[in-house]
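So this one's run-v1.txt, compact mmCIF, C-alpha atoms:
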```txt
# COMPACT_ATOMS: atom_id res chain seq x y z
CA MET R 997 1.71 35.92 24.65
CA LYS R 998 3.70 33.45 22.56
CA LYS R 999 2.50 32.54 19.09
CA SER R 1000 2.11 28.87 18.28
CA LEU R 1001 4.31 27.27 15.61
CA ASN R 1002 1.18 26.84 13.49
CA SER R 1003 0.39 30.56 13.76
CA ILE R 1004 3.93 31.48 12.75
CA CYS R 1005 3.75 29.15 9.74
CA ARG R 1006 0.44 30.68 8.68
CA THR R 1007 1.87 34.18 8.96
CA ALA R 1008 4.86 33.20 6.82
CA LEU R 1009 2.59 31.63 4.22
CA GLY R 1010 0.44 34.75 4.18
CA LEU R 1011 3.51 36.90 3.49
CA LEU R 1012 4.58 34.57 0.68
CA THR R 1013 1.15 34.78 -0.88
CA ALA R 1014 1.11 38.56 -0.61
CA LEU R 1015 4.51 38.73 -2.28
CA SER R 1016 3.25 36.37 -4.98
CA ALA R 1017 0.27 38.61 -5.70
CA ALA R 1018 2.59 41.62 -5.80
CA GLY R 1019 4.75 40.15 -8.53
CA CYS R 1020 7.22 37.71 -6.90
CA ARG R 1021 5.49 34.74 -8.46
CA PRO R 1022 6.65 31.24 -7.48
CA ASP R 1023 6.66 28.93 -10.50
CA VAL R 1024 4.63 26.11 -8.90
CA PRO R 1025 3.37 26.79 -5.36
CA MET R 1026 3.26 23.74 -3.07
CA VAL R 1027 1.30 24.21 0.14
CA SER R 1028 2.19 21.70 2.84
CA LEU R 1029 1.89 23.54 6.21
CA GLY R 1030 -1.58 25.01 5.84
CA ILE R 1031 -3.96 26.69 3.47
CA ASP R 1032 -4.23 30.44 3.06
CA HIS R 1033 -7.22 32.36 1.77
CA THR R 1034 -5.68 33.72 -1.45
CA TYR R 1035 -3.27 32.38 -4.05
CA ALA R 1036 -1.96 33.47 -7.42
CA VAL R 1037 -0.61 31.15 -10.11
CA ALA R 1038 0.06 31.18 -13.85
CA ARG R 1039 -2.39 29.33 -16.05
CA MET R 1040 -1.46 25.74 -16.91
CA LYS R 1041 0.65 25.52 -13.76
CA ALA R 1042 -0.44 23.21 -10.95
CA LEU R 1043 -1.29 24.39 -7.44
CA VAL R 1044 -1.51 21.67 -4.78
CA LEU R 1045 -3.52 22.57 -1.66
CA HIS R 1046 -2.88 20.26 1.28
CA PRO R 1047 -4.87 20.86 4.49
CA GLU R 1048 -2.85 20.24 7.61
CA PHE R 1049 -5.90 19.49 9.73
CA PRO R 1050 -6.88 15.80 9.94
CA GLY R 1051 -10.53 14.90 9.49
CA ASN R 1052 -12.91 12.08 8.71
CA GLY R 1053 -13.54 13.45 5.25
CA TYR R 1054 -12.86 16.38 2.94
CA ILE R 1055 -15.27 18.10 0.57
CA TRP R 1056 -14.05 20.73 -1.90
CA THR R 1057 -16.81 22.72 -3.61
CA THR R 1058 -17.14 25.65 -5.98
CA ARG R 1059 -20.10 27.68 -7.19
CA ASN R 1060 -21.65 26.49 -10.45
CA SER R 1061 -23.34 28.70 -13.05
CA ALA R 1062 -26.61 28.49 -11.08
CA GLY R 1063 -24.93 29.83 -7.95
CA ASN R 1064 -25.05 26.52 -6.09
CA ASP R 1065 -22.19 24.66 -4.44
CA SER R 1066 -20.84 21.91 -6.71
CA VAL R 1067 -18.48 19.23 -5.40
CA VAL R 1068 -15.15 19.15 -7.27
CA SER R 1069 -13.23 16.70 -5.06
CA THR R 1070 -13.54 14.55 -1.96
CA GLU R 1071 -9.80 13.93 -1.70
CA ARG R 1072 -7.76 15.55 1.04
CA ASP R 1073 -5.60 17.44 -1.45
CA LEU R 1074 -7.02 19.72 -4.10
CA VAL R 1075 -4.99 19.82 -7.31
CA PHE R 1076 -5.89 22.98 -9.20
CA CYS R 1077 -4.83 23.74 -12.75
CA SER R 1078 -6.63 26.05 -15.18
CA ALA R 1079 -6.29 26.55 -18.92
CA ARG R 1080 -7.72 30.05 -18.68
CA ALA R 1081 -6.95 33.15 -16.63
CA GLY R 1082 -9.47 34.43 -14.09
CA ASN R 1083 -10.58 34.25 -10.48
CA PHE R 1084 -11.68 30.97 -8.88
CA ARG R 1085 -13.26 30.38 -5.47
CA PHE R 1086 -13.36 27.12 -3.55
CA LYS R 1087 -14.72 26.07 -0.17
CA LEU R 1088 -13.22 23.25 1.88
CA GLN R 1089 -15.28 21.42 4.46
CA ILE R 1090 -13.37 19.13 6.81
CA GLU R 1091 -15.75 16.61 8.33
CA ASP R 1092 -15.25 15.92 12.03
CA PRO R 1093 -17.92 15.05 14.64
CA ARG R 1094 -16.39 17.39 17.24
CA ASN R 1095 -14.55 20.09 15.29
CA PRO R 1096 -15.86 20.49 11.74
CA TYR R 1097 -13.97 23.13 9.79
CA THR R 1098 -14.80 25.30 6.79
CA HIS R 1099 -12.28 27.31 4.82
CA GLU R 1100 -12.61 29.44 1.68
CA VAL R 1101 -9.86 29.84 -0.91
CA ASN R 1102 -9.59 32.41 -3.70
CA ILE R 1103 -7.22 31.65 -6.58
CA THR R 1104 -6.16 34.22 -9.17
CA VAL R 1105 -4.87 32.74 -12.42
CA TRP R 1106 -2.80 35.05 -14.62
CA GLU R 1107 -1.60 34.75 -18.20
CA GLU R 1108 1.92 33.39 -18.52
CA GLU R 1109 4.60 36.04 -19.09
CA VAL R 1110 6.20 34.02 -21.91
CA ALA R 1111 3.82 32.26 -24.27
CA TYR R 1112 3.80 28.48 -23.93
CA SER R 1113 4.67 26.21 -26.81
CA PRO R 1114 2.07 23.58 -27.75
CA TYR R 1115 4.88 21.14 -28.61
CA ILE R 1116 7.26 18.87 -26.71
CA SER R 1117 9.89 20.80 -24.77
CA LYS R 1118 11.83 17.96 -23.11
CA VAL R 1119 12.46 14.24 -23.55
CA TYR R 1120 13.15 12.53 -20.22
CA GLU R 1121 13.64 8.90 -21.30
CA TYR R 1122 14.30 6.99 -24.51
CA CYS R 1123 14.35 3.23 -23.94
CA PRO R 1124 13.54 1.33 -27.14
CA ALA R 1125 13.16 -2.43 -27.31
CA PRO R 1126 15.16 -4.21 -30.04
CA GLY R 1127 13.94 -3.53 -33.56
CA GLN R 1128 14.96 -3.04 -37.18
CA PHE R 1129 14.87 0.78 -36.90
CA VAL R 1130 16.70 0.95 -33.57
CA ASN R 1131 20.12 2.61 -33.89
CA LEU R 1132 18.76 4.31 -37.03
CA MET R 1133 15.87 6.46 -35.71
CA PRO R 1134 17.68 8.30 -34.22
CA VAL R 1135 21.10 7.29 -35.55
CA PHE R 1136 23.57 5.73 -33.10
CA GLU R 1137 27.20 6.59 -33.74
CA PRO R 1138 30.12 4.72 -32.12
CA GLY R 1139 30.84 6.22 -28.72
CA ASP R 1140 27.33 7.62 -28.19
CA THR R 1141 26.13 7.39 -24.60
CA TYR R 1142 22.59 7.28 -23.28
CA ALA R 1143 22.78 11.05 -22.77
CA ASP R 1144 23.79 11.47 -26.42
CA MET R 1145 20.87 9.36 -27.64
CA LEU R 1146 18.47 11.19 -25.33
CA LYS R 1147 19.62 14.49 -26.81
CA LYS R 1148 19.19 13.16 -30.36
CA THR R 1149 15.70 11.96 -29.50
CA GLU R 1150 14.77 15.35 -28.07
CA GLU R 1151 16.15 17.12 -31.12
CA SER R 1152 14.02 14.85 -33.32
CA ILE R 1153 10.61 15.30 -31.71
CA SER R 1154 10.69 18.56 -29.72
CA GLY R 1155 9.30 21.91 -30.81
CA THR R 1156 8.24 22.06 -34.43
CA ASN R 1157 10.72 19.34 -35.36
CA ASP R 1158 9.03 16.41 -37.04
CA VAL R 1159 11.64 13.64 -37.27
CA MET R 1160 10.43 10.10 -36.69
CA ILE R 1161 11.83 7.98 -33.85
CA SER R 1162 11.26 4.26 -33.38
CA LEU R 1163 10.38 2.56 -30.09
CA GLY R 1164 11.32 -0.92 -31.31
CA ALA R 1165 9.36 -4.07 -30.49
CA TYR R 1166 6.85 -4.52 -27.66
CA GLY R 1167 7.52 -2.41 -24.56
CA GLY R 1168 10.04 0.07 -25.97
CA TYR R 1169 9.15 3.57 -24.79
CA VAL R 1170 9.82 7.31 -24.78
CA THR R 1171 8.86 9.80 -22.04
CA PHE R 1172 8.39 13.49 -22.75
CA GLY R 1173 6.78 16.67 -21.43
CA PHE R 1174 5.85 20.24 -22.32
CA ASP R 1175 6.85 23.62 -20.87
CA HIS R 1176 3.59 23.63 -18.86
CA SER R 1177 1.03 21.22 -17.46
CA VAL R 1178 -1.48 19.82 -19.93
CA VAL R 1179 -4.91 20.65 -18.52
CA ASN R 1180 -7.71 18.09 -18.50
CA VAL R 1181 -10.53 20.04 -20.13
CA PRO R 1182 -13.80 18.11 -19.63
CA GLY R 1183 -15.29 16.67 -22.79
CA GLN R 1184 -12.36 17.63 -25.02
CA TYR R 1185 -9.29 15.95 -26.48
CA ASP R 1186 -6.26 17.31 -24.62
CA PHE R 1187 -3.25 16.40 -26.76
CA LYS R 1188 -2.31 14.78 -30.04
CA ILE R 1189 0.62 12.51 -30.92
CA TYR R 1190 1.81 12.12 -34.51
CA GLY R 1191 2.91 8.77 -35.98
CA ASN R 1192 3.30 7.37 -39.51
CA ALA R 1193 0.29 5.04 -39.77
CA PHE R 1194 -1.53 4.79 -43.10
CA TYR R 1195 -4.40 2.89 -44.69
CA ALA R 1196 -3.57 0.41 -47.45
CA SER R 1197 -4.50 1.45 -50.98
CA GLU R 1198 -4.73 -2.20 -52.01
CA ASN R 1199 -5.72 -5.33 -50.14
CA PRO R 1200 -6.12 -8.90 -51.46
CA ASN R 1201 -9.11 -9.34 -49.15
CA PRO R 1202 -12.15 -7.71 -50.84
CA ASP R 1203 -14.10 -7.76 -47.56
CA ASN R 1204 -11.43 -5.99 -45.52
CA PRO R 1205 -12.31 -3.05 -43.28
CA GLY R 1206 -11.02 0.26 -44.63
CA SER R 1207 -8.80 0.88 -41.60
CA GLY R 1208 -6.29 -1.78 -42.64
CA GLY R 1209 -2.79 -0.79 -43.66
CA SER R 1210 0.18 0.00 -41.45
CA SER R 1211 -1.00 0.40 -37.87
CA GLU R 1212 1.62 -0.10 -35.15
CA PRO R 1213 -0.31 0.91 -32.03
CA GLY R 1214 1.46 2.47 -29.08
CA ILE R 1215 -0.09 2.67 -25.61
CA VAL R 1216 -0.13 6.04 -23.83
CA MET R 1217 0.51 6.63 -20.14
CA VAL R 1218 0.37 9.93 -18.26
CA SER R 1219 1.65 11.24 -14.93
CA PHE R 1220 1.12 14.32 -12.77
CA ASP R 1221 4.18 15.80 -11.05
CA ARG R 1222 2.65 15.58 -7.58
CA ASN R 1223 5.96 15.88 -5.74
CA GLN R 1224 6.80 18.92 -7.88
CA ASN R 1225 10.43 17.88 -8.53
CA GLY R 1226 10.23 18.14 -12.33
CA LEU R 1227 10.99 14.43 -12.84
CA PRO R 1228 8.76 11.62 -14.14
CA ASP R 1229 8.96 9.64 -10.89
CA ASP R 1230 5.34 9.86 -9.73
CA THR R 1231 2.49 7.39 -10.32
CA TRP R 1232 1.75 6.51 -13.95
CA TYR R 1233 -1.75 5.96 -15.35
CA GLU R 1234 -2.71 4.29 -18.62
CA LEU R 1235 -5.09 6.02 -21.00
CA ALA R 1236 -7.58 3.23 -21.58
CA GLY R 1237 -8.16 2.98 -25.33
CA SER R 1238 -10.77 0.95 -27.19
CA GLU R 1239 -9.02 -2.38 -26.45
CA TYR R 1240 -8.31 -1.87 -22.75
CA ARG R 1241 -11.20 -3.92 -21.34
CA LYS R 1242 -11.33 -6.59 -24.03
CA PRO R 1243 -10.44 -10.17 -22.97
CA SER R 1244 -7.78 -10.31 -25.69
CA THR R 1245 -5.74 -7.55 -23.97
CA ARG R 1246 -3.24 -8.77 -21.39
CA HIS R 1247 -2.45 -6.51 -18.44
CA HIS R 1248 0.74 -6.68 -16.35
CA TYR R 1249 2.43 -8.46 -19.24
CA ARG R 1250 6.25 -8.78 -19.05
CA ILE R 1251 8.88 -9.51 -21.66
CA ALA R 1252 12.69 -9.84 -21.62
CA TYR R 1253 15.01 -9.48 -24.64
CA GLU R 1254 18.53 -10.96 -24.62
CA ARG R 1255 21.50 -9.22 -26.18
CA PRO R 1256 22.37 -11.16 -29.38
CA ASP R 1257 25.68 -12.64 -30.38
CA GLU R 1258 26.23 -10.68 -33.58
CA GLN R 1259 28.83 -13.26 -34.75
CA LYS R 1260 26.69 -16.39 -34.45
CA PRO R 1261 25.58 -18.12 -37.67
CA ALA R 1262 22.25 -16.81 -38.96
CA VAL R 1263 19.20 -19.04 -39.38
CA PRO R 1264 17.54 -17.87 -42.62
CA HIS R 1265 13.84 -18.33 -43.26
CA PRO R 1266 13.18 -21.39 -45.47
CA THR R 1267 10.72 -19.62 -47.81
CA LEU R 1268 11.19 -15.87 -47.26
CA PRO R 1269 14.65 -14.78 -48.49
CA ALA R 1270 14.17 -11.29 -46.98
CA VAL R 1271 14.15 -12.81 -43.47
CA THR R 1272 17.87 -13.40 -42.99
CA ASP R 1273 17.88 -14.60 -39.37
CA THR R 1274 14.83 -16.15 -37.70
CA ALA R 1275 16.73 -16.68 -34.41
CA TYR R 1276 18.36 -13.27 -33.98
CA ILE R 1277 17.28 -11.69 -30.65
CA ARG R 1278 15.69 -14.15 -28.24
CA PHE R 1279 12.88 -13.12 -25.90
CA THR R 1280 10.85 -14.77 -23.15
CA ASP R 1281 7.63 -13.46 -21.63
CA SER R 1282 5.39 -13.81 -18.58
CA GLU R 1283 3.13 -16.25 -20.41
CA GLY R 1284 5.92 -18.77 -20.95
CA ARG R 1285 6.36 -17.84 -24.59
CA THR R 1286 9.78 -17.86 -26.24
CA GLY R 1287 10.50 -16.29 -29.59
CA TYR R 1288 12.82 -14.05 -31.58
CA VAL R 1289 13.02 -10.57 -33.02
CA GLN R 1290 13.97 -11.60 -36.54
CA ARG R 1291 16.51 -9.89 -38.76
CA ASN R 1292 15.79 -8.92 -42.36
CA ALA R 1293 17.79 -7.98 -45.43
CA TYR R 1294 16.65 -4.35 -45.39
CA HIS R 1295 18.35 -3.38 -42.11
CA ARG R 1296 21.76 -4.88 -41.40
CA GLN R 1297 22.80 -2.84 -38.34
CA SER R 1298 22.43 -4.24 -34.82
CA TYR R 1299 18.80 -4.20 -33.68
CA TYR R 1300 19.81 -4.12 -30.00
CA PRO R 1301 20.29 -0.54 -28.65
CA GLN R 1302 24.07 -0.15 -28.74
CA TRP R 1303 24.36 2.44 -25.96
CA VAL R 1304 22.81 0.04 -23.46
CA GLY R 1305 25.16 -1.93 -21.22
CA GLU R 1306 22.66 -4.46 -19.89
CA SER R 1307 22.61 -7.92 -21.46
CA VAL R 1308 18.85 -8.24 -20.89
CA LEU R 1309 16.15 -5.61 -21.49
CA ASN R 1310 12.93 -5.95 -19.47
CA PHE R 1311 9.59 -4.26 -20.19
CA GLU R 1312 6.14 -4.47 -18.62
CA GLY R 1313 2.69 -3.11 -19.44
CA SER R 1314 -0.52 -3.92 -21.27
CA ARG R 1315 -0.23 -6.02 -24.40
CA LEU R 1316 -2.74 -5.59 -27.20
CA ALA R 1317 -3.87 -8.50 -29.35
CA ASP R 1318 -1.97 -9.02 -32.60
CA ASN R 1319 -3.43 -6.83 -35.35
CA ALA R 1320 -1.54 -8.18 -38.40
CA VAL R 1321 -3.17 -10.49 -40.95
CA ASP R 1322 -1.35 -12.23 -43.81
CA GLU R 1323 -4.00 -11.45 -46.40
CA SER R 1324 -1.94 -13.06 -49.17
CA GLY R 1325 -1.74 -16.42 -47.41
CA ASN R 1326 1.90 -16.82 -48.43
CA GLY R 1327 3.64 -14.17 -46.33
CA SER R 1328 3.94 -11.61 -49.12
CA TYR R 1329 1.20 -9.15 -48.08
CA TYR R 1330 0.59 -8.34 -44.41
CA VAL R 1331 -2.10 -5.87 -43.38
CA LEU R 1332 -1.96 -4.28 -39.92
CA TYR R 1333 -5.50 -3.29 -38.93
CA ALA R 1334 -6.11 -0.21 -36.79
CA TYR R 1335 -7.84 -0.42 -33.44
CA ASP R 1336 -10.79 1.89 -32.98
CA TRP R 1337 -9.27 4.68 -30.85
CA GLY R 1338 -6.82 5.55 -28.09
CA TYR R 1339 -3.42 4.56 -29.50
CA VAL R 1340 -0.41 6.26 -31.11
CA ASP R 1341 0.62 5.39 -34.70
CA ASN R 1342 -2.72 3.64 -35.08
CA HIS R 1343 -4.63 5.84 -37.55
CA PRO R 1344 -3.26 8.45 -40.00
CA ASN R 1345 -2.51 11.83 -38.44
CA GLU R 1346 -5.16 13.58 -40.51
CA VAL R 1347 -7.85 11.52 -38.75
CA ALA R 1348 -7.72 13.94 -35.84
CA ASP R 1349 -10.09 12.26 -33.40
CA LYS R 1350 -8.28 8.93 -33.84
CA SER R 1351 -4.81 10.35 -33.10
CA SER R 1352 -5.82 12.60 -30.19
CA PHE R 1353 -6.06 11.75 -26.50
CA ASN R 1354 -8.25 12.63 -23.54
CA ILE R 1355 -6.84 12.67 -20.01
CA GLU R 1356 -10.29 11.58 -18.83
CA TRP R 1357 -9.43 8.08 -20.10
CA ALA R 1358 -6.85 7.61 -17.30
CA VAL R 1359 -7.09 4.45 -15.17
CA ASP R 1360 -4.95 3.10 -12.34
CA GLU R 1361 -3.08 -0.21 -12.36
CA ASN R 1362 -6.32 -2.04 -11.49
CA GLY R 1363 -8.35 -0.40 -14.25
CA ASN R 1364 -10.20 2.03 -11.98
CA PRO R 1365 -10.93 5.48 -13.47
CA VAL R 1366 -8.74 8.27 -12.09
CA HIS R 1367 -9.44 12.00 -12.24
CA LEU R 1368 -6.34 14.02 -13.11
CA PRO R 1369 -6.88 17.81 -13.34
CA CYS R 1370 -3.68 18.04 -15.38
CA ILE R 1371 -0.62 16.00 -16.34
CA ASP R 1372 3.07 16.82 -16.77
CA PHE R 1373 4.56 13.72 -18.38
CA VAL R 1374 3.54 11.46 -21.27
CA ARG R 1375 4.95 8.01 -22.00
CA VAL R 1376 4.34 6.03 -25.19
CA TYR R 1377 5.30 2.37 -25.60
CA THR R 1378 4.84 -0.21 -28.34
CA GLY R 1379 1.70 -2.14 -27.43
CA VAL R 1380 1.86 -5.17 -29.76
CA SER R 1381 4.29 -8.10 -29.73
CA GLN R 1382 4.23 -9.66 -33.19
CA SER R 1383 6.40 -10.38 -36.21
CA CYS R 1384 5.17 -9.93 -39.78
CA GLY R 1385 7.53 -11.95 -41.94
CA TRP R 1386 9.54 -9.73 -44.30
CA LEU R 1387 7.98 -6.61 -42.70
CA GLY R 1388 9.69 -7.48 -39.44
CA GLU R 1389 8.50 -6.73 -35.92
CA THR R 1390 5.71 -4.25 -35.20
CA SER R 1391 7.20 -1.09 -33.71
CA THR R 1392 5.51 2.18 -32.79
CA GLU R 1393 6.96 5.31 -34.38
CA LEU R 1394 6.21 8.93 -33.50
CA SER R 1395 7.48 12.33 -34.60
CA LYS R 1396 5.94 15.00 -32.32
CA ALA R 1397 3.15 15.82 -29.89
CA GLU R 1398 0.89 18.82 -29.42
CA ASP R 1399 -1.12 20.27 -26.52
CA LEU R 1400 -4.50 20.99 -28.11
CA HIS R 1401 -5.29 23.75 -25.59
CA VAL R 1402 -2.30 25.94 -26.58
CA GLU R 1403 -2.35 27.83 -29.84
CA ALA R 1404 0.65 27.43 -32.12
CA PRO R 1405 2.50 30.72 -32.65
CA VAL R 1406 1.86 32.53 -35.93
CA LEU R 1407 5.03 32.62 -38.01
CA TYR R 1408 5.55 35.61 -40.27
CA GLN R 1409 7.71 35.53 -43.37
```
Here is the file; what I need is its structure written in the form of C-alpha cells.
Amino acid sequence: MKKSLNSICRTALGLLTALSAAGCRPDVPMVSLGIDHTYAVARMKALVLHPEFPGNGYIWTTRNSAGNDSVVSTERDLVFCSARAGNFRFKLQIEDPRNPYTHEVNITVWEEEVAYSPYISKVYEYCPAPGQFVNLMPVFEPGDTYADMLKKTEESISGTNDVMISLGAYGGYVTFGFDHSVVNVPGQYDFKIYGNAFYASENPNPDNPGSGGSSEPGIVMVSFDRNQNGLPDDTWYELAGSEYRKPSTRHHYRIAYERPDEQKPAVPHPTLPAVTDTAYIRFTDSEGRTGYVQRNAYHRQSYYPQWVGESVLNFEGSRLADNAVDESGNGSYYVLYAYDWGYVDNHPNEVADKSSFNIEWAVDENGNPVHLPCIDFVRVYTGVSQSCGWLGETSTELSKAEDLHVEAPVLYQ
C-alpha cells in the first residue's frame, strides 16, 4: 500500500523532531508541512507552528494554573517563544462543520548552550537624516562606504560599548537586534534603550514642569522575523507611546531632505550669530511645509550623510508635536520638555520606567493593538521635526540597548 505524500512528510518531520530531541538541535525550527506532537527549542528562540489543514477557524489553548483550557491564540499560526526553560503543552482545535480536528503539541524548551548577551549584537541599518552631529557620531572619514559606517555604528552601540550615535533630524533611524529573540513577558518592560536626555537645572519659567531640559524623543518600532531569514524585512509595528493617540501627533507623515550645495553663499540669522546659515538643507513634507535644517557655528562639517549617493533623502512615520519652548523669549534659552513615556532619549536613563519599553504597546499601521510573543528587530527614529535656534535641529541620540529578561554577565577582576 503506497503512502501518501502527506504521510511521508509527517514521517520526515517526526524523524527531524526525534533528532532534535536527541541533540541535533535546529537553531529556529520552522514548521510548514504539518505539525508534529513534540518539539524541542532553545529558550528565547521562536518556533512557528503552521497547520497545513484548512479550516473555518483555529483555537490554540493551554492549561492554566487551575487546570482549565485557556485560549492563547485564534490565529492559524502559533508563534511560541519562552524566556524560561521547561515543558509546555498546547492543544489546537481546527473548526470545520464536517471534519473538525484536534491536535496536541508538547514543546520542550532548553537552556541555551552559550549564554545570551542582554546587549545589541548586530546593527542592520544606519540611515540618519541630516543633522549637526551627522558625520561626527560616528565619524565619517573620506572614502567611507555605507558598510564602513554601518560597522562603525555597530562598534559604537553593540555589546557593553556605550558610544553615542546621532540619528539626525526627523525620520533618521537605526535598526538593530540581539543574539536571541526578545520575549514579550506580560506585564513587564521588555527592553531598555539608553540616550542622553537630561532635566534642566535652571529654567527662566518658574512654573515649568520638572521634566523640562534636553528631550529629543525617538519613536520605537519592532518586528518579528516571521520568515526566519535573519533580516529586518518583515512587518514593522510601532510601540505606541503616551503621544500616539493625541490629535497633535501626525501619522503617515513624510519628509524629504535635499542634498545641499556646500559652496552656496550662507544666509546668516539676523539676530542669532551662532546660526550661520538659515537656508542650509532644504526640506519639504507631506503637509506642504517647506523649511531648512539650519547650520550653526559649533559644527562646520557637512550635515548631509556623506556616504549617501542619493540627492534626496525620504523618511516616513509618526511625527510628534514640537516639544521645545523658548523660555527666554529671545532665542537664548530653549527647553525641550519630555513626553510622559514610550520614547527614546526622552527622559534620563536613570528614570528606568521612562526609558524602558513594553512589546505589549505594539500597534499596526492603523493603530490596532497587535500581540507579538517576541521580537527580533528594533528600529528607532527621530520623532520630532523642529529647529531650536542656536541649539539646532532636534535629533535623537542613543548609545546602547538592553534586553531586561537576560542577566548581564558578572565580570571578575
Within 12 Å of region 1223-1226 of chain R: each region 1031-1131 of chain R residue with its shortest pair, all atoms listed in the file, as JSON lines:
```
{"residue": "R:Lys1041", "atom": "CA", "partner": "R:Gln1224", "partner_atom": "CA", "distance": 10.8}
{"residue": "R:Ala1042", "atom": "CA", "partner": "R:Gln1224", "partner_atom": "CA", "distance": 9.0}
{"residue": "R:Leu1043", "atom": "CA", "partner": "R:Gln1224", "partner_atom": "CA", "distance": 9.8}
{"residue": "R:Val1044", "atom": "CA", "partner": "R:Gln1224", "partner_atom": "CA", "distance": 9.3}
{"residue": "R:Val1075", "atom": "CA", "partner": "R:Asn1223", "partner_atom": "CA", "distance": 11.7}
{"residue": "R:Lys1118", "atom": "CA", "partner": "R:Gly1226", "partner_atom": "CA", "distance": 10.9}
{"residue": "R:Tyr1120", "atom": "CA", "partner": "R:Gly1226", "partner_atom": "CA", "distance": 10.1}
```
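Those residues that approach Phe1311 (chain R) to within 10 Å, counting only C-alpha atoms, are Cys1123, Pro1124, Ala1125, Tyr1166, Gly1167, Gly1168, Tyr1169, His1248, Tyr1249, Arg1250, Ile1251, Ala1252, Tyr1253, Asp1281 and Tyr1377 of chain R; same-chain residues fewer than 3 positions away are not listed.
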For the selection you just gave me, I'd like the residues written to a file as a CSV table (one decimal), keeping the file's coordinate frame, keeping C-alpha atoms.
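Listed below is the output, part_30.csv:
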```
chain,number,residue,atom,x,y,z
R,1123,CYS,CA,14.4,3.2,-23.9
R,1124,PRO,CA,13.5,1.3,-27.1
R,1125,ALA,CA,13.2,-2.4,-27.3
R,1166,TYR,CA,6.8,-4.5,-27.7
R,1167,GLY,CA,7.5,-2.4,-24.6
R,1168,GLY,CA,10.0,0.1,-26.0
R,1169,TYR,CA,9.2,3.6,-24.8
R,1248,HIS,CA,0.7,-6.7,-16.4
R,1249,TYR,CA,2.4,-8.5,-19.2
R,1250,ARG,CA,6.2,-8.8,-19.0
R,1251,ILE,CA,8.9,-9.5,-21.7
R,1252,ALA,CA,12.7,-9.8,-21.6
R,1253,TYR,CA,15.0,-9.5,-24.6
R,1281,ASP,CA,7.6,-13.5,-21.6
R,1377,TYR,CA,5.3,2.4,-25.6
```
(message) Give me, as a PyMOL selection string, all polymer residues having an atom no more than 7 Å from region 1184-1196 of chain R, counting all atoms listed in the file and skipping those fewer than 6 positions away in the same chain.
(response) chain R and resi 1207-1211+1340-1345+1351-1355+1393-1401
Selection above as a file: C-alpha atoms, as a short mmCIF file (atom, residue, chain, number, x, y, z; two decimals), in the coordinates of the input:
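Output (selection_22.cif):
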```cif
data_model
loop_
_atom_site.label_atom_id
_atom_site.label_comp_id
_atom_site.auth_asym_id
_atom_site.auth_seq_id
_atom_site.Cartn_x
_atom_site.Cartn_y
_atom_site.Cartn_z
CA SER R 1207 -8.80 0.88 -41.60
CA GLY R 1208 -6.29 -1.78 -42.64
CA GLY R 1209 -2.79 -0.79 -43.66
CA SER R 1210 0.18 0.00 -41.45
CA SER R 1211 -1.00 0.40 -37.87
CA VAL R 1340 -0.41 6.26 -31.11
CA ASP R 1341 0.62 5.39 -34.70
CA ASN R 1342 -2.72 3.64 -35.08
CA HIS R 1343 -4.63 5.84 -37.55
CA PRO R 1344 -3.26 8.45 -40.00
CA ASN R 1345 -2.51 11.83 -38.44
CA SER R 1351 -4.81 10.35 -33.10
CA SER R 1352 -5.82 12.60 -30.19
CA PHE R 1353 -6.06 11.75 -26.50
CA ASN R 1354 -8.25 12.63 -23.54
CA ILE R 1355 -6.84 12.67 -20.01
CA GLU R 1393 6.96 5.31 -34.38
CA LEU R 1394 6.21 8.93 -33.50
CA SER R 1395 7.48 12.33 -34.60
CA LYS R 1396 5.94 15.00 -32.32
CA ALA R 1397 3.15 15.82 -29.89
CA GLU R 1398 0.89 18.82 -29.42
CA ASP R 1399 -1.12 20.27 -26.52
CA LEU R 1400 -4.50 20.99 -28.11
CA HIS R 1401 -5.29 23.75 -25.59
#
```
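Atom pair CA of Ser1328 (chain R) / CA of Pro1301 (chain R) has a distance of 28.4 Å (rounded to one decimal).
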Quick one: 6 Å padding each side, axis-aligned, all listed atoms of region 1101-1113 of chain R - centre and edge lengths in Å to one decimal, as lines of an AutoDock Vina configuration file?
```
center_x = -1.8
center_y = 31.1
center_z = -13.9
size_x = 28.1
size_y = 21.8
size_z = 37.9
```
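Ranking R:Ala1038, R:Thr1156, R:Ser1061, R:Glu1048 by their shortest atom-to-atom distance to Arg1080 (chain R), with all atoms listed in the file included, puts R:Ala1038 first.
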(request) Go ahead and compute the interatomic distance for CA of Ala1358 (chain R) and CA of Thr1057 (chain R), in Å to one decimal. (result) 22.7 Å
(request) To one decimal in Å, tell me the separation between CA of Leu1088 (chain R) and CA of His1033 (chain R). (result) 10.9 Å
(request) Find the spatial neighbours of Val1159 (chain R), counting all atoms listed in the file, within a cut-off of 9 Å - ignore same-chain residues fewer than 2 positions away - and output them as a ChimeraX atom specification. (result) /R:1133-1134,1149,1151-1153,1157,1161,1394-1396
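When all atoms listed in the file are used to compute distances to Asp1273 (chain R), the closest of the residues R:Val1170, R:Gly1388, R:Gln1302, R:Val1347 turns out to be R:Gly1388.
Nearest residue to Glu1071 (chain R) among R:Tyr1035, R:Ser1391, R:Leu1368, R:Val1130 is R:Leu1368, counting all atoms listed in the file.
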(request) Would you list the contacts of Ala1320 (chain R) as a list in words, taking every protein, DNA or RNA residue within 9 Å and counting all atoms listed in the file, but skipping same-chain residues closer than 4 positions in sequence? (result) Ser1210, Ser1211, Tyr1330, Val1331, Leu1332, Tyr1333, Gln1382, Ser1383, Cys1384 and Thr1390 of chain R
Store the residues picked out above in a file with C-alpha atoms, as a PDB file, in the coordinates of the input.
```
ATOM      1  CA  SER R1210       0.180   0.000 -41.450  1.00  0.00           C
ATOM      2  CA  SER R1211      -1.000   0.400 -37.870  1.00  0.00           C
ATOM      3  CA  TYR R1330       0.590  -8.340 -44.410  1.00  0.00           C
ATOM      4  CA  VAL R1331      -2.100  -5.870 -43.380  1.00  0.00           C
ATOM      5  CA  LEU R1332      -1.960  -4.280 -39.920  1.00  0.00           C
ATOM      6  CA  TYR R1333      -5.500  -3.290 -38.930  1.00  0.00           C
ATOM      7  CA  GLN R1382       4.230  -9.660 -33.190  1.00  0.00           C
ATOM      8  CA  SER R1383       6.400 -10.380 -36.210  1.00  0.00           C
ATOM      9  CA  CYS R1384       5.170  -9.930 -39.780  1.00  0.00           C
ATOM     10  CA  THR R1390       5.710  -4.250 -35.200  1.00  0.00           C
TER      11      THR R1390
END
```
